[in-house]
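> Dropping in start-v8.txt, which is compact mmCIF, C-alpha atoms and all ligand atoms:
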```txt
# COMPACT_ATOMS: atom_id res chain seq x y z
CA MET W 1 -162.27 40.81 -141.14
CA ASN W 2 -162.75 37.94 -138.71
CA PHE W 3 -160.61 38.11 -135.56
CA GLU W 4 -162.09 35.04 -133.94
CA LEU W 5 -159.44 32.84 -132.33
CA ARG W 6 -159.76 29.15 -133.06
CA TYR W 7 -158.00 26.26 -131.39
CA THR W 8 -156.31 23.70 -133.62
CA LYS W 9 -157.49 20.10 -133.75
CA ALA W 10 -154.45 19.06 -131.67
CA GLN W 11 -155.30 21.72 -129.05
CA GLU W 12 -158.94 20.63 -128.93
CA ASP W 13 -157.79 17.02 -128.48
CA PHE W 14 -155.58 18.12 -125.62
CA ARG W 15 -158.51 20.03 -124.08
CA GLN W 16 -160.60 16.86 -124.20
CA GLU W 17 -157.78 14.91 -122.53
CA VAL W 18 -157.58 17.53 -119.75
CA ARG W 19 -161.36 17.61 -119.37
CA ASP W 20 -161.58 13.81 -119.08
CA TRP W 21 -158.77 13.77 -116.54
CA LEU W 22 -160.33 16.54 -114.46
CA ASP W 23 -163.75 14.88 -114.61
CA ALA W 24 -162.14 11.82 -113.09
CA ASN W 25 -160.00 13.63 -110.51
CA ALA W 26 -161.20 17.16 -109.72
CA HIS W 27 -164.58 16.53 -108.08
CA MET W 28 -164.18 16.63 -104.32
CA PRO W 29 -166.30 13.74 -102.98
CA PRO W 30 -169.64 15.13 -101.69
CA ALA W 31 -169.15 13.16 -98.45
CA LEU W 32 -166.32 15.58 -97.55
CA GLY W 33 -168.81 18.49 -97.47
CA ALA W 34 -168.97 21.81 -99.29
CA ILE W 35 -165.72 23.68 -99.93
CA PRO W 36 -165.73 26.54 -97.39
CA LEU W 37 -165.48 30.19 -98.43
CA GLU W 38 -162.78 30.91 -95.83
CA SER W 39 -159.76 28.67 -96.01
CA MET W 40 -159.35 28.17 -92.23
CA ASP W 41 -162.74 26.39 -92.28
CA THR W 42 -161.27 23.65 -94.48
CA THR W 43 -161.49 20.27 -92.73
CA ARG W 44 -158.49 17.99 -92.37
CA GLU W 45 -160.15 15.45 -94.72
CA GLN W 46 -160.75 18.12 -97.36
CA TRP W 47 -157.15 19.32 -97.02
CA GLU W 48 -155.84 15.80 -97.56
CA TRP W 49 -157.99 15.50 -100.68
CA ILE W 50 -156.73 18.90 -101.97
CA ARG W 51 -153.11 17.86 -101.39
CA GLU W 52 -153.61 14.56 -103.19
CA PHE W 53 -155.32 16.33 -106.10
CA TYR W 54 -152.35 18.68 -106.62
CA ARG W 55 -149.89 15.81 -106.26
CA LYS W 56 -151.67 13.99 -109.08
CA LEU W 57 -151.91 17.21 -111.15
CA GLY W 58 -148.18 17.82 -110.62
CA HIS W 59 -147.19 14.29 -111.65
CA GLN W 60 -149.35 14.73 -114.74
CA GLY W 61 -147.15 17.79 -115.54
CA TRP W 62 -150.13 20.14 -115.36
CA PHE W 63 -149.58 22.00 -112.07
CA TYR W 64 -146.75 24.11 -113.54
CA PRO W 65 -147.12 23.13 -117.22
CA THR W 66 -144.52 25.47 -118.74
CA MET W 67 -141.75 24.88 -116.19
CA PRO W 68 -138.91 22.56 -117.28
CA LYS W 69 -139.51 18.84 -116.90
CA GLU W 70 -136.20 18.22 -115.13
CA TYR W 71 -137.45 20.37 -112.23
CA GLY W 72 -140.93 18.85 -112.03
CA GLY W 73 -142.76 21.06 -114.53
CA GLY W 74 -144.65 19.83 -117.57
CA GLY W 75 -142.24 21.12 -120.26
CA LEU W 76 -145.34 22.18 -122.21
CA SER W 77 -146.20 25.29 -124.23
CA LEU W 78 -148.18 28.38 -123.26
CA ASP W 79 -151.07 27.08 -125.39
CA HIS W 80 -151.21 23.97 -123.20
CA GLU W 81 -151.07 26.11 -120.07
CA ILE W 82 -154.00 28.24 -121.28
CA ILE W 83 -156.12 25.17 -121.99
CA ILE W 84 -155.28 23.62 -118.62
CA GLN W 85 -156.15 26.85 -116.80
CA GLU W 86 -159.39 27.30 -118.70
CA GLU W 87 -160.46 23.77 -117.86
CA LEU W 88 -159.31 23.98 -114.22
CA ALA W 89 -161.39 27.15 -113.80
CA ARG W 90 -164.52 25.05 -114.33
CA TYR W 91 -163.80 23.28 -111.03
CA LYS W 92 -163.64 24.86 -107.62
CA VAL W 93 -160.50 23.22 -106.26
CA PRO W 94 -158.96 25.47 -103.56
CA SER W 95 -155.38 26.66 -103.91
CA LEU W 96 -152.54 24.54 -102.48
CA ASN W 97 -149.56 26.75 -102.06
CA SER W 98 -150.46 30.38 -102.26
CA PRO W 99 -148.54 32.53 -101.42
CA GLY W 100 -145.61 30.18 -100.78
CA ASN W 101 -145.34 29.44 -104.50
CA VAL W 102 -143.43 32.71 -104.93
CA ALA W 103 -140.43 30.73 -103.61
CA ILE W 104 -140.30 29.18 -107.08
CA ALA W 105 -138.72 32.31 -108.60
CA ALA W 106 -135.97 32.47 -105.95
CA LEU W 107 -135.14 28.76 -106.19
CA TYR W 108 -135.26 28.70 -109.98
CA ILE W 109 -133.02 31.72 -110.47
CA TYR W 110 -130.67 31.55 -107.47
CA GLY W 111 -130.88 27.92 -106.25
CA THR W 112 -128.02 25.47 -106.79
CA GLU W 113 -128.71 22.40 -108.93
CA GLU W 114 -129.00 20.38 -105.72
CA GLN W 115 -131.53 22.87 -104.26
CA LYS W 116 -133.57 22.76 -107.45
CA GLN W 117 -133.78 18.99 -107.28
CA ARG W 118 -134.39 18.86 -103.54
CA PHE W 119 -136.69 21.88 -103.01
CA LEU W 120 -138.03 23.19 -106.34
CA LYS W 121 -138.97 19.87 -107.92
CA PRO W 122 -141.34 18.77 -105.12
CA ILE W 123 -143.13 22.18 -105.26
CA LEU W 124 -143.71 21.88 -109.01
CA LEU W 125 -144.83 18.25 -108.61
CA GLY W 126 -147.43 19.37 -106.06
CA GLU W 127 -145.81 17.37 -103.29
CA THR W 128 -144.87 20.08 -100.81
CA VAL W 129 -146.45 23.11 -99.19
CA THR W 130 -144.34 26.18 -98.46
CA TRP W 131 -145.12 29.12 -96.20
CA GLN W 132 -143.50 32.46 -96.96
CA LEU W 133 -141.93 34.13 -93.90
CA TRP W 134 -141.04 37.76 -94.51
CA THR W 135 -143.21 40.10 -92.41
CA GLU W 136 -142.41 40.74 -88.72
CA PRO W 137 -144.35 42.51 -85.94
CA ASP W 138 -142.19 45.64 -86.41
CA SER W 139 -141.48 45.28 -90.10
CA GLY W 140 -144.25 45.27 -92.70
CA VAL W 141 -144.00 47.25 -95.92
CA ASP W 142 -140.47 48.27 -94.93
CA LEU W 143 -139.33 44.70 -95.37
CA ALA W 144 -135.62 45.57 -95.31
CA SER W 145 -135.93 46.56 -91.64
CA ILE W 146 -136.53 42.98 -90.38
CA THR W 147 -134.60 41.83 -87.30
CA THR W 148 -134.96 38.01 -87.24
CA ARG W 149 -131.33 36.95 -86.95
CA ALA W 150 -129.32 34.04 -88.38
CA VAL W 151 -125.91 33.52 -86.74
CA LYS W 152 -123.36 31.24 -88.40
CA ASP W 153 -122.32 28.26 -86.26
CA GLY W 154 -119.99 25.81 -88.03
CA ASP W 155 -121.84 24.55 -91.11
CA ASP W 156 -125.22 25.69 -89.75
CA TYR W 157 -127.04 28.91 -88.91
CA ILE W 158 -128.94 29.50 -85.66
CA ILE W 159 -132.14 31.49 -86.22
CA ASN W 160 -134.01 33.53 -83.59
CA GLY W 161 -136.95 35.88 -84.12
CA THR W 162 -140.67 36.23 -84.82
CA LYS W 163 -142.63 36.48 -88.06
CA ASN W 164 -146.32 37.34 -88.37
CA TYR W 165 -149.22 37.43 -90.84
CA ILE W 166 -147.82 34.21 -92.33
CA SER W 167 -150.44 32.60 -94.57
CA GLY W 168 -151.26 28.91 -94.78
CA ILE W 169 -153.55 26.25 -93.37
CA PHE W 170 -152.76 23.11 -91.37
CA GLU W 171 -148.99 22.68 -91.49
CA PRO W 172 -146.30 23.52 -94.06
CA ASP W 173 -143.49 21.23 -95.24
CA TYR W 174 -141.06 24.10 -95.89
CA LEU W 175 -140.52 27.69 -94.83
CA ASN W 176 -139.06 30.39 -97.05
CA ILE W 177 -137.46 32.76 -94.52
CA LEU W 178 -135.83 36.18 -94.85
CA VAL W 179 -133.37 36.92 -92.02
CA VAL W 180 -130.50 39.23 -91.03
CA THR W 181 -127.19 37.46 -91.61
CA ASP W 182 -124.84 40.42 -91.11
CA PRO W 183 -126.11 43.16 -88.76
CA HIS W 184 -123.06 45.34 -89.51
CA ALA W 185 -123.52 45.40 -93.30
CA PRO W 186 -125.42 48.25 -94.99
CA ARG W 187 -129.20 48.03 -95.48
CA HIS W 188 -130.14 45.55 -98.27
CA ALA W 189 -126.67 43.92 -98.10
CA ASN W 190 -127.30 42.42 -94.64
CA LEU W 191 -129.93 39.76 -95.38
CA GLY W 192 -130.02 36.08 -96.27
CA GLN W 193 -132.84 33.88 -97.55
CA PHE W 194 -133.37 30.29 -96.38
CA TYR W 195 -135.60 27.53 -97.70
CA SER W 196 -135.85 25.32 -94.65
CA PRO W 197 -137.80 22.24 -93.51
CA ALA W 198 -140.66 23.40 -91.28
CA ASN W 199 -140.25 20.65 -88.69
CA LEU W 200 -136.89 21.70 -87.25
CA PRO W 201 -136.71 21.86 -83.43
CA GLY W 202 -137.43 25.38 -82.09
CA ILE W 203 -140.02 26.36 -84.75
CA SER W 204 -143.60 26.92 -83.51
CA TRP W 205 -146.66 28.88 -84.61
CA VAL W 206 -150.01 30.19 -83.39
CA TYR W 207 -153.03 31.24 -85.41
CA GLN W 208 -153.65 34.98 -85.95
CA ASP W 209 -157.37 35.77 -86.13
CA LEU W 210 -158.13 38.41 -88.81
CA ILE W 211 -161.43 39.62 -90.33
CA VAL W 212 -161.28 36.87 -92.95
CA LYS W 213 -160.30 33.41 -91.74
CA GLY W 214 -157.58 33.18 -94.40
CA GLY W 215 -155.07 31.37 -92.19
CA GLN W 216 -152.50 33.87 -90.95
CA HIS W 217 -150.00 32.95 -88.21
CA PHE W 218 -147.30 34.16 -85.85
CA ILE W 219 -144.18 32.00 -86.26
CA PHE W 220 -141.50 31.79 -83.59
CA PHE W 221 -137.86 30.74 -84.00
CA GLU W 222 -136.02 29.80 -80.85
CA ASP W 223 -132.41 28.71 -81.48
CA VAL W 224 -133.41 26.92 -84.68
CA ARG W 225 -130.44 25.18 -86.29
CA VAL W 226 -130.74 25.42 -90.11
CA PRO W 227 -128.15 23.68 -92.30
CA ARG W 228 -126.01 25.72 -94.71
CA GLU W 229 -127.49 23.93 -97.76
CA CYS W 230 -130.83 25.68 -97.05
CA LEU W 231 -129.35 29.12 -97.82
CA VAL W 232 -130.59 30.32 -101.23
CA GLY W 233 -128.01 32.54 -102.95
CA GLY W 234 -125.11 34.11 -101.05
CA GLU W 235 -125.07 34.73 -97.30
CA THR W 236 -125.86 38.44 -97.75
CA GLU W 237 -127.68 38.16 -101.07
CA GLY W 238 -131.14 37.68 -99.52
CA TRP W 239 -132.54 41.04 -100.59
CA ARG W 240 -131.69 40.41 -104.25
CA VAL W 241 -133.01 36.83 -104.09
CA THR W 242 -136.25 38.00 -102.46
CA GLN W 243 -136.83 40.67 -105.14
CA SER W 244 -137.51 37.92 -107.68
CA SER W 245 -140.15 36.38 -105.42
CA LEU W 246 -141.54 39.85 -104.66
CA GLU W 247 -142.14 40.41 -108.39
CA LEU W 248 -144.45 37.40 -108.38
CA GLU W 249 -146.07 38.47 -105.11
CA HIS W 250 -146.61 41.95 -106.60
CA GLY W 251 -148.67 40.62 -109.47
CA ALA W 252 -146.12 39.92 -112.26
CA GLU W 253 -147.66 36.54 -113.15
CA GLY W 254 -151.07 38.02 -113.90
CA SER W 255 -153.95 35.64 -114.19
CA LEU W 256 -155.96 34.10 -116.99
CA THR W 257 -159.02 33.01 -115.09
CA GLY W 258 -158.30 33.55 -111.42
CA ARG W 259 -160.13 36.81 -110.64
CA GLU W 260 -163.25 36.58 -108.49
CA ASN W 261 -166.25 37.50 -110.66
CA VAL W 262 -168.77 38.41 -108.01
CA VAL W 263 -170.14 41.31 -110.11
CA GLY W 264 -170.67 39.15 -113.21
CA ASP W 265 -172.46 36.53 -111.12
CA LEU W 266 -174.55 39.22 -109.43
CA VAL W 267 -175.62 40.69 -112.78
CA GLN W 268 -176.74 37.21 -113.80
CA ALA W 269 -178.65 36.72 -110.52
CA TRP W 270 -180.20 40.19 -110.89
CA ARG W 271 -181.40 39.27 -114.39
CA GLU W 272 -183.00 36.15 -112.95
CA GLY W 273 -184.76 38.18 -110.26
CA LYS W 274 -182.83 36.51 -107.44
CA VAL W 275 -181.32 39.67 -105.91
CA HIS W 276 -182.91 41.33 -102.88
CA SER W 277 -181.96 44.99 -103.05
CA LEU W 278 -183.01 48.21 -101.42
CA ALA W 279 -181.98 50.17 -104.52
CA HIS W 280 -184.03 50.11 -107.71
CA GLY W 281 -184.33 51.96 -111.00
CA ALA W 282 -181.95 53.53 -113.47
CA ALA W 283 -179.49 54.88 -110.87
CA ALA W 284 -179.05 51.41 -109.36
CA GLN W 285 -178.62 49.83 -112.77
CA GLU W 286 -176.02 52.40 -113.73
CA ARG W 287 -174.07 51.74 -110.53
CA LEU W 288 -174.10 48.01 -111.20
CA VAL W 289 -172.98 48.55 -114.79
CA ASP W 290 -170.10 50.76 -113.57
CA ALA W 291 -169.02 47.90 -111.30
CA TYR W 292 -169.37 45.46 -114.19
CA ILE W 293 -167.17 47.59 -116.48
CA ARG W 294 -164.51 47.92 -113.77
CA SER W 295 -164.50 44.18 -113.08
CA THR W 296 -164.05 43.53 -116.82
CA ILE W 297 -161.07 45.92 -117.00
CA ASN W 298 -159.67 44.17 -113.93
CA ARG W 299 -159.80 40.81 -115.68
CA LEU W 300 -158.29 42.23 -118.87
CA ILE W 301 -155.33 43.75 -117.00
CA ALA W 302 -154.77 40.40 -115.27
CA ARG W 303 -154.84 38.64 -118.66
CA ARG W 304 -152.52 41.17 -120.26
CA THR W 305 -150.04 40.62 -117.41
CA PHE W 306 -150.42 36.84 -117.74
CA TRP W 307 -149.54 37.12 -121.44
CA MET W 308 -146.52 39.34 -120.69
CA PHE W 309 -145.24 36.94 -118.03
CA HIS W 310 -145.61 33.80 -120.08
CA THR W 311 -144.20 35.27 -123.27
CA LYS W 312 -141.29 36.76 -121.26
CA GLN W 313 -142.04 40.36 -122.26
CA PRO W 314 -139.97 42.88 -120.26
CA GLN W 315 -142.12 44.10 -117.38
CA SER W 316 -141.84 47.32 -115.43
CA TYR W 317 -144.93 48.74 -113.64
CA HIS W 318 -147.18 46.00 -115.03
CA GLY W 319 -147.20 43.55 -112.11
CA PRO W 320 -147.87 46.18 -109.39
CA GLN W 321 -150.47 47.80 -111.64
CA ASN W 322 -152.19 44.43 -111.96
CA LEU W 323 -152.09 43.91 -108.19
CA TRP W 324 -153.17 47.47 -107.40
CA PHE W 325 -156.05 47.48 -109.87
CA GLY W 326 -157.28 44.15 -108.51
CA ARG W 327 -157.32 45.52 -104.97
CA GLU W 328 -158.83 48.85 -106.03
CA THR W 329 -161.57 46.99 -107.89
CA ARG W 330 -162.37 44.91 -104.83
CA ILE W 331 -162.68 48.00 -102.62
CA ARG W 332 -164.83 49.94 -105.06
CA THR W 333 -166.99 46.91 -105.80
CA ALA W 334 -167.53 46.39 -102.07
CA ASP W 335 -168.69 50.03 -101.77
CA ASP W 336 -170.95 49.74 -104.83
CA LEU W 337 -172.55 46.54 -103.60
CA LEU W 338 -173.05 47.90 -100.09
CA ASP W 339 -174.88 50.94 -101.49
CA LEU W 340 -176.94 48.82 -103.88
CA LEU W 341 -177.81 45.94 -101.61
CA GLY W 342 -177.82 47.54 -98.18
CA PRO W 343 -177.89 45.02 -95.31
CA HIS W 344 -178.12 42.12 -97.78
CA ALA W 345 -174.46 42.78 -98.58
CA LEU W 346 -173.55 42.32 -94.93
CA THR W 347 -175.42 39.24 -93.85
CA THR W 348 -174.41 35.60 -93.75
CA ASP W 349 -177.97 34.53 -92.96
CA PRO W 350 -178.73 31.62 -95.33
CA GLU W 351 -182.08 33.12 -96.34
CA TRP W 352 -180.92 36.68 -97.03
CA ARG W 353 -177.27 36.45 -98.03
CA LEU W 354 -176.33 36.78 -101.72
CA LEU W 355 -174.31 34.42 -103.92
CA ASP W 356 -174.04 31.96 -101.03
CA GLY W 357 -172.24 34.51 -98.84
CA ARG W 358 -169.65 35.66 -101.40
CA VAL W 359 -171.06 39.21 -101.38
CA GLU W 360 -170.68 39.46 -97.59
CA LEU W 361 -167.20 37.92 -97.75
CA GLY W 362 -166.31 40.54 -100.39
CA GLN W 363 -167.00 43.29 -97.82
CA ARG W 364 -164.45 41.85 -95.39
CA GLY W 365 -162.06 40.52 -98.03
CA ALA W 366 -161.69 43.85 -99.85
CA ALA W 367 -160.40 45.51 -96.69
CA MET W 368 -158.02 42.68 -95.84
CA ALA W 369 -156.65 42.44 -99.37
CA THR W 370 -155.19 45.93 -99.09
CA HIS W 371 -152.45 44.50 -96.83
CA GLY W 372 -151.57 41.05 -98.19
CA ALA W 373 -148.49 41.02 -100.48
CA GLY W 374 -147.12 44.32 -99.15
CA SER W 375 -149.72 47.05 -99.06
CA TYR W 376 -151.94 48.87 -101.47
CA GLU W 377 -150.00 52.14 -101.05
CA ILE W 378 -146.71 50.36 -101.77
CA ASP W 379 -147.99 49.17 -105.16
CA LYS W 380 -148.21 52.85 -106.06
CA VAL W 381 -144.72 53.58 -104.69
CA ILE W 382 -143.31 50.80 -106.92
CA ILE W 383 -145.25 52.01 -109.98
CA ALA W 384 -143.99 55.57 -109.40
CA ARG W 385 -140.39 54.33 -109.18
CA ARG W 386 -140.74 52.35 -112.39
CA VAL W 387 -142.30 55.07 -114.51
CA GLY W 388 -139.78 57.67 -113.35
CA LEU W 389 -142.02 59.70 -111.03
CA SER W 390 -139.93 59.09 -107.93
CA ARG W 391 -136.55 60.14 -106.52
CA THR W 392 -135.33 56.57 -107.09
CA ARG W 393 -135.59 54.72 -110.40
CA ASP W 394 -136.30 50.97 -110.12
CA VAL W 395 -136.42 48.16 -112.64
CA ALA W 396 -138.25 44.86 -112.25
CA ALA W 397 -136.22 41.91 -110.88
CA PRO W 398 -135.94 38.71 -112.98
CA THR W 399 -138.66 36.08 -112.53
CA HIS W 400 -137.65 33.33 -114.99
C1 LIG W 501 -154.21 38.45 -95.56
C2 LIG W 501 -152.74 38.69 -95.39
C3 LIG W 501 -151.85 37.70 -95.74
C4 LIG W 501 -150.49 37.90 -95.56
N1 LIG W 501 -149.63 36.88 -95.83
C5 LIG W 501 -148.30 37.03 -95.58
C6 LIG W 501 -147.40 35.94 -95.76
O1 LIG W 501 -147.79 34.83 -96.13
N2 LIG W 501 -146.09 36.13 -95.49
C7 LIG W 501 -145.61 37.34 -95.08
O2 LIG W 501 -144.41 37.46 -94.86
N3 LIG W 501 -146.45 38.40 -94.85
C8 LIG W 501 -147.77 38.26 -95.11
N4 LIG W 501 -148.64 39.31 -94.90
C9 LIG W 501 -148.13 40.56 -94.38
C10 LIG W 501 -148.16 41.72 -95.37
O3 LIG W 501 -147.14 41.59 -96.32
C11 LIG W 501 -148.06 42.99 -94.52
O4 LIG W 501 -149.28 43.15 -93.85
C12 LIG W 501 -147.76 44.19 -95.37
O5 LIG W 501 -146.43 44.14 -95.83
C13 LIG W 501 -148.00 45.50 -94.60
O6 LIG W 501 -147.30 45.47 -93.39
P1 LIG W 501 -148.02 45.96 -92.03
O7 LIG W 501 -149.36 45.30 -92.00
O8 LIG W 501 -147.09 45.66 -90.91
O9 LIG W 501 -148.24 47.49 -92.25
P2 LIG W 501 -147.17 48.65 -91.97
O10 LIG W 501 -145.90 48.36 -92.68
O11 LIG W 501 -147.10 48.87 -90.51
O12 LIG W 501 -147.88 49.88 -92.67
C14 LIG W 501 -149.02 50.51 -92.04
C15 LIG W 501 -149.71 51.39 -93.06
O13 LIG W 501 -148.82 52.44 -93.47
C16 LIG W 501 -148.72 52.49 -94.88
N5 LIG W 501 -147.35 52.85 -95.29
C17 LIG W 501 -146.20 52.41 -94.72
N6 LIG W 501 -145.13 52.92 -95.37
C18 LIG W 501 -145.63 53.70 -96.37
C19 LIG W 501 -145.02 54.51 -97.39
N7 LIG W 501 -143.68 54.59 -97.54
N8 LIG W 501 -145.83 55.15 -98.25
C20 LIG W 501 -147.18 55.08 -98.14
N9 LIG W 501 -147.80 54.33 -97.18
C21 LIG W 501 -147.04 53.66 -96.32
C22 LIG W 501 -149.03 51.07 -95.34
O14 LIG W 501 -149.52 51.04 -96.67
C23 LIG W 501 -150.10 50.65 -94.33
O15 LIG W 501 -151.38 51.09 -94.76
C24 LIG W 501 -150.02 39.14 -95.07
C25 LIG W 501 -150.93 40.14 -94.71
C26 LIG W 501 -152.27 39.93 -94.86
C27 LIG W 501 -153.24 41.01 -94.46
```
Let's see the structure in the file written out as C-alpha cells.
Ligand SMILES: Cc1cc2nc3c(=O)[nH]c(=O)nc-3n(C[C@H](O)[C@H](O)[C@H](O)COP(=O)(O)OP(=O)(O)OC[C@H]3O[C@@H](n4cnc5c(N)ncnc54)[C@H](O)[C@@H]3O)c2cc1C


Amino acid sequence: MNFELRYTKAQEDFRQEVRDWLDANAHMPPALGAIPLESMDTTREQWEWIREFYRKLGHQGWFYPTMPKEYGGGGLSLDHEIIIQEELARYKVPSLNSPGNVAIAALYIYGTEEQKQRFLKPILLGETVTWQLWTEPDSGVDLASITTRAVKDGDDYIINGTKNYISGIFEPDYLNILVVTDPHAPRHANLGQFYSPANLPGISWVYQDLIVKGGQHFIFFEDVRVPRECLVGGETEGWRVTQSSLELEHGAEGSLTGRENVVGDLVQAWREGKVHSLAHGAAAQERLVDAYIRSTINRLIARRTFWMFHTKQPQSYHGPQNLWFGRETRIRTADDLLDLLGPHALTTDPEWRLLDGRVELGQRGAAMATHGAGSYEIDKVIIARRVGLSRTRDVAAPTH
C-alpha cells in the first residue's frame, strides 16, 4: 500500500505562484545586513522592511490565509495555508506580531462588528503591530491577581498601573490590556480587556534587559484615557475574553514548520565534519540521536496540534501539551548539547561557535522560554485540570 501524499496539479500551481511571489518579495536586501539572532538587535531599517513585507503578504491574503476575507484574511483553504507555510519556511523573515497576534482570538470571538473592522482587519492585513499587556510586577502566572485599574469616567476609562515582561521591538500600534474594572466583584468577574491605540497620552515604556535580547518592556499607565469603544466584550468579561487568547498563547495553534531545528542542523554539520566537540564515540552519538528523536517528536506534536486547530477538532490538553513539550525539548536539548560540545556550546566567538551562534543562543533561550506565555509549571497545571487529575476540571476556551 502506498501512503505517499501527493499535491494536486492546482495545488502545485498555487505553490509555484507563492514561490514566485516570495522570490520577488521575501529576500531582505543584503545592504540591510544579516538578520540578527536576537530580535532587539534588529535595525530600524530592517524593521521597516519586515513591516512592509507583512503588509504586502497580508494584502495578498497570505498572512492569515484561512481567516475570512471580510476581516482581512485570505478566505482560503487549509491546503493553501499549508503550501504558504511550507514555502515561507524556506525564507528567514522574522516574525511581525508575536505574541500580540493572540489578540486575534479575542477580537474575532468577542469583538463588535465595528471592532473587527477597525482593529482585527488591520492585524490580519499585516498593517498593525500589537503588544500584549497582561503580566504585572506582582502578578505573573496568577494572572487573575492583576491590579492595573480602569475607572469609568463618562464614556471613557482612566487606566493606571504597570505591566512588565511585555514583548515587542521598536513601537507598537495597539496594546491589548487586561485591567481591573470592578475591584469589588469576585475574582475572575472583576476584569476588563481593552484593545487600545498605543500612542495615548500617559503611556510610556522602558526596555527590560533579560538573558536573551527578545525585547521585553515595562509599560506604565498614568491617567490614560481610553475610549469605551476599545473595551472588548463586557466591562467585567475580561477574564472570559482573555481565555480565548490564552488558548493560543498556550500552544493551541500548533505549528507546521515553525519549530527551531538546531539538532537536525547539528546532525548535518556533524556528518560533514564541521562540529568541534569534546565528546566522541558511541556514547556521544547515542546522546545526539536521543536529542534527534526528541526534536522529531516535538515537531510531530506541533504538527498534530496545527492539524487539530485548523480542522476545528475539539481540543483539551493538546495546546498546553504542545507548548510544554516544546519547552521541555529545548531544555533537554540544551543540556545534551552542553555535555556533547562543552565550551563550544557556550561561545559566541565567530571561530568556535556552532551553527552561527544558534547553539549558544539555545543555552540562554531554553531557560528564558520556561517563563514566556505563562510558565512551564503552569502548562502542567492546565493539562492536569483538563485530563481530570486536579481538584478543578477545566475545558478549553473557544479560539475560532
Ligand atoms: C521572554 C518572555 C516574554 C514574555 N512576554 C510577555 C508578553 O508579551 N506579555 C505579557 O503579558 N507577559 C509576558 N511575559 C510574562 C510571562 O507571562 C510571565 O513571566 C509568566 O506568566 C510567569 O510570571 P512570573 O515571571 O512573574 O513568575 P511567577 O508568577 O512569580 O512565578 C514564579 C515561579 O513560581 C512558579 N509557580 C507559580 N505558581 C505556581 C503553581 N501554582 N504551581 C507550580 N508552580 C508555580 C512559576 O512556574 C515560576 O517558576 C513574558 C515572559 C518572558 C520570560

> When you count only C-alpha atoms, which of these residues is closest to Arg271 (chain W): W:Glu81, W:Ala31, W:Gln285, W:Met40?

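Closest to Arg271 (chain W) of all the choices is W:Gln285.
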
> Step by step, gather every atom of region 141-156 of chain W that the file lists, find the box along x, y and z that holds them, add 4 Å on each side, and finally give centre and edge lengths in Å to one decimal, as AutoDock Vina command-line options.


```
--center_x -132.0 --center_y 36.4 --center_z -91.1 --size_x 32.0 --size_y 31.7 --size_z 17.7
```

> What's around region 326-336 of chain W at 9 Å? Count all atoms listed in the file, leave out sequence neighbours fewer than 6 positions away in its own chain, and write the answer as a list in words.

Arg259, Val262, Val263, Arg287, Leu288, Asp290, Ala291, Tyr292, Arg294, Ser295, Asn298, Arg299, Ile301, Ala302, Ala345, Val359, Glu360, Gly362, Gln363, Arg364, Gly365, Ala366, Ala367, Ala369, Thr370 and Tyr376 of chain W

> Which residues sit within 6 Å of ligand LIG 501 (chain W), counting only C-alpha atoms and all ligand atoms, listed as a list in words?

Pro99, Gln132, Leu133, Trp134, Thr135, Ser139, Gly140, Val141, Asp142, Tyr165, Ile166, Ser167, Met368, His371, Gly372, Ala373, Gly374, Ser375, Tyr376, Glu377 and Ile378 of chain W

> Which residues, written as an mmCIF file with C-alpha atoms, keeping the file's coordinate frame, have at least one atom at most 9 Å from Gln315 (chain W), with only C-alpha atoms counted and residues fewer than 4 positions away on the same chain left out?


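For reference, result-v4.cif as written:
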```
data_model
loop_
_atom_site.group_PDB
_atom_site.id
_atom_site.type_symbol
_atom_site.label_atom_id
_atom_site.label_comp_id
_atom_site.auth_asym_id
_atom_site.auth_seq_id
_atom_site.Cartn_x
_atom_site.Cartn_y
_atom_site.Cartn_z
ATOM 1 C CA ALA W 252 -146.120 39.920 -112.260
ATOM 2 C CA THR W 305 -150.040 40.620 -117.410
ATOM 3 C CA MET W 308 -146.520 39.340 -120.690
ATOM 4 C CA PHE W 309 -145.240 36.940 -118.030
ATOM 5 C CA GLY W 319 -147.200 43.550 -112.110
ATOM 6 C CA VAL W 395 -136.420 48.160 -112.640
ATOM 7 C CA ALA W 396 -138.250 44.860 -112.250
#
```

> Closest to Pro197 (chain W) among W:Gly215, W:Asp155, W:Thr130, W:Pro314, using only C-alpha atoms?

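Closest candidate: W:Thr130.
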
> When you draw a straight line from CA of Asn160 (chain W) to CA of Trp239 (chain W), how long is it in Å?

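Spanning CA of Asn160 (chain W) to CA of Trp239 (chain W) is a straight-line distance of 18.6 Å.
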
> Just the residues within 10 Å of region 11-27 of chain W, please, counting only C-alpha atoms, with nothing from its chain fewer than 2 positions along; format it as a VMD selection string.

chain W and resid 6 to 9 29 to 30 49 to 50 52 to 54 56 to 57 60 62 79 to 80 82 to 88 90 to 93

> Which is closer to Ala106 (chain W) than all the others in W:Ala185, W:Leu248, W:Ile146, W:Leu256, using only C-alpha atoms?

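Closest residue, counting only C-alpha atoms: W:Leu248.
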